[in-house]
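Trainee: Encoded as structure tokens, here's the structure I'll be asking about.
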Amino acid sequence: MAKGHRSQIKRERNEVKDTRPSAKLSYARVSVQKACFVLDAIRGKSVAEALAIVTYNPRYASSLVKKLLESAIANAENNNGLKAENLYVAECYANKGPTMKRIKPRAQGRAYRIEKRMSHITIVLDER
């Protein structure tokens, strides 16, 4: 088969799988910018420290990130057999999801568009 053939390219891409424990939340009803405020605060921190930060953070996104972080920790313990004390947040990022478009009636028969944004939040843990 030719080197540039689609199946060959897919096979090579699938060989390098990331085995680090992770968790992903799709279609979170929070914008990427607002989620990134919380994610920037926990990036690179140990798991215990990150949980403490999101527990006492007043932002709405922190409740979503806390649940996601707990899920990633459970994945690490159950699927990978890692200890929670040795884990830290290696990567965390929010990607843009679909946007719901709504209409807001305004004066003199006009209509303004309201965009309700969504995001896909991912947390990847690693062992120290």
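So you can find residues: chains in the structure tokens are A, B, ... in the order shown, residues in each start at 1, and ligands are numbered from 1 in order.
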When DSSP is applied to the backbone of this structure, which of stretch 28-128 of chain A are assigned helix (DSSP H, G or I)? Write them out as a PyMOL selection string.

Mentor: chain A and resi 32-42+47-55+60-79+84-86+107-109

Trainee: Please produce a file of those selected residues containing C-alpha atoms, as a JSON list (two decimals), in the first residue's frame.

Mentor:
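As a result, out_25.json now contains:
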```json
[["chain", "number", "residue", "atom", "x", "y", "z"],
["A", 32, "VAL", "CA", -14.67, 28.88, 26.51],
["A", 33, "GLN", "CA", -13.40, 32.15, 27.97],
["A", 34, "LYS", "CA", -15.23, 31.66, 31.26],
["A", 35, "ALA", "CA", -14.11, 28.03, 31.55],
["A", 36, "CYS", "CA", -10.48, 29.00, 30.86],
["A", 37, "PHE", "CA", -10.38, 31.29, 33.91],
["A", 38, "VAL", "CA", -10.86, 28.23, 36.12],
["A", 39, "LEU", "CA", -8.67, 25.91, 34.02],
["A", 40, "ASP", "CA", -5.75, 28.37, 34.09],
["A", 41, "ALA", "CA", -5.88, 28.36, 37.90],
["A", 42, "ILE", "CA", -5.43, 24.56, 38.19],
["A", 47, "VAL", "CA", -4.72, 17.00, 42.28],
["A", 48, "ALA", "CA", -5.36, 17.86, 45.95],
["A", 49, "GLU", "CA", -4.44, 21.50, 45.38],
["A", 50, "ALA", "CA", -6.56, 21.70, 42.21],
["A", 51, "LEU", "CA", -9.58, 20.26, 44.02],
["A", 52, "ALA", "CA", -9.17, 22.84, 46.80],
["A", 53, "ILE", "CA", -8.99, 25.66, 44.25],
["A", 54, "VAL", "CA", -12.14, 24.66, 42.34],
["A", 55, "THR", "CA", -14.08, 23.91, 45.54],
["A", 60, "TYR", "CA", -20.05, 28.65, 37.76],
["A", 61, "ALA", "CA", -17.47, 26.83, 35.63],
["A", 62, "SER", "CA", -15.63, 25.68, 38.76],
["A", 63, "SER", "CA", -18.50, 23.35, 39.71],
["A", 64, "LEU", "CA", -18.27, 21.71, 36.28],
["A", 65, "VAL", "CA", -14.48, 21.47, 36.45],
["A", 66, "LYS", "CA", -14.61, 20.00, 39.97],
["A", 67, "LYS", "CA", -16.90, 17.19, 38.84],
["A", 68, "LEU", "CA", -14.71, 16.58, 35.80],
["A", 69, "LEU", "CA", -11.53, 16.53, 37.90],
["A", 70, "GLU", "CA", -13.06, 14.00, 40.30],
["A", 71, "SER", "CA", -13.98, 11.85, 37.30],
["A", 72, "ALA", "CA", -10.44, 12.01, 35.94],
["A", 73, "ILE", "CA", -9.06, 10.99, 39.35],
["A", 74, "ALA", "CA", -11.46, 8.03, 39.49],
["A", 75, "ASN", "CA", -10.41, 7.02, 35.97],
["A", 76, "ALA", "CA", -6.75, 7.12, 37.02],
["A", 77, "GLU", "CA", -7.35, 4.96, 40.08],
["A", 78, "ASN", "CA", -9.70, 2.40, 38.52],
["A", 79, "ASN", "CA", -8.47, 2.10, 34.93],
["A", 84, "ALA", "CA", -4.22, 9.92, 43.71],
["A", 85, "GLU", "CA", -1.39, 11.43, 45.82],
["A", 86, "ASN", "CA", 1.07, 11.25, 42.91],
["A", 107, "ALA", "CA", -37.61, 48.41, 20.32],
["A", 108, "GLN", "CA", -39.37, 49.33, 17.08],
["A", 109, "GLY", "CA", -39.71, 45.76, 15.82]]
```

Trainee: Could you pull the residues within 6 Å of A:Val89, counting only C-alpha atoms, minus those fewer than 6 positions along the same chain, as a list in words?

Mentor: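 Listing them by chain and then by number gives Arg43, Gly44, Lys45 and Leu125 of chain A.
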
Trainee: Mind listing the strand (DSSP E) residues of chain A, per DSSP on the backbone, as a PyMOL selection string?

Mentor: chain A and resi 22-28+87-105+111-127

Trainee: Which is closest to A:Leu87 among A:Asp126, A:Pro21, A:Glu12, A:Arg29, if we use only C-alpha atoms?

Mentor: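 Checking each of A:Asp126, A:Pro21, A:Glu12, A:Arg29 against A:Leu87, counting only C-alpha atoms, the winner is A:Asp126.
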
Trainee: Compile the contact shell of stretch 119-123 of chain A as JSON, numbers by chain: residues with an atom at most 6 Å away, counting only C-alpha atoms, same-chain residues fewer than 4 positions apart removed.

Mentor: {"A": [22, 23, 24, 25, 26, 27, 28, 31, 32, 91, 92, 93, 94, 95, 96, 97]}

Trainee: Using atom CA of A:Ile103 and atom CA of A:Val30 as the two end points, give the distance in Å to one decimal.

Mentor: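 Separating atom CA of A:Ile103 from atom CA of A:Val30 is a distance of 18.7 Å.
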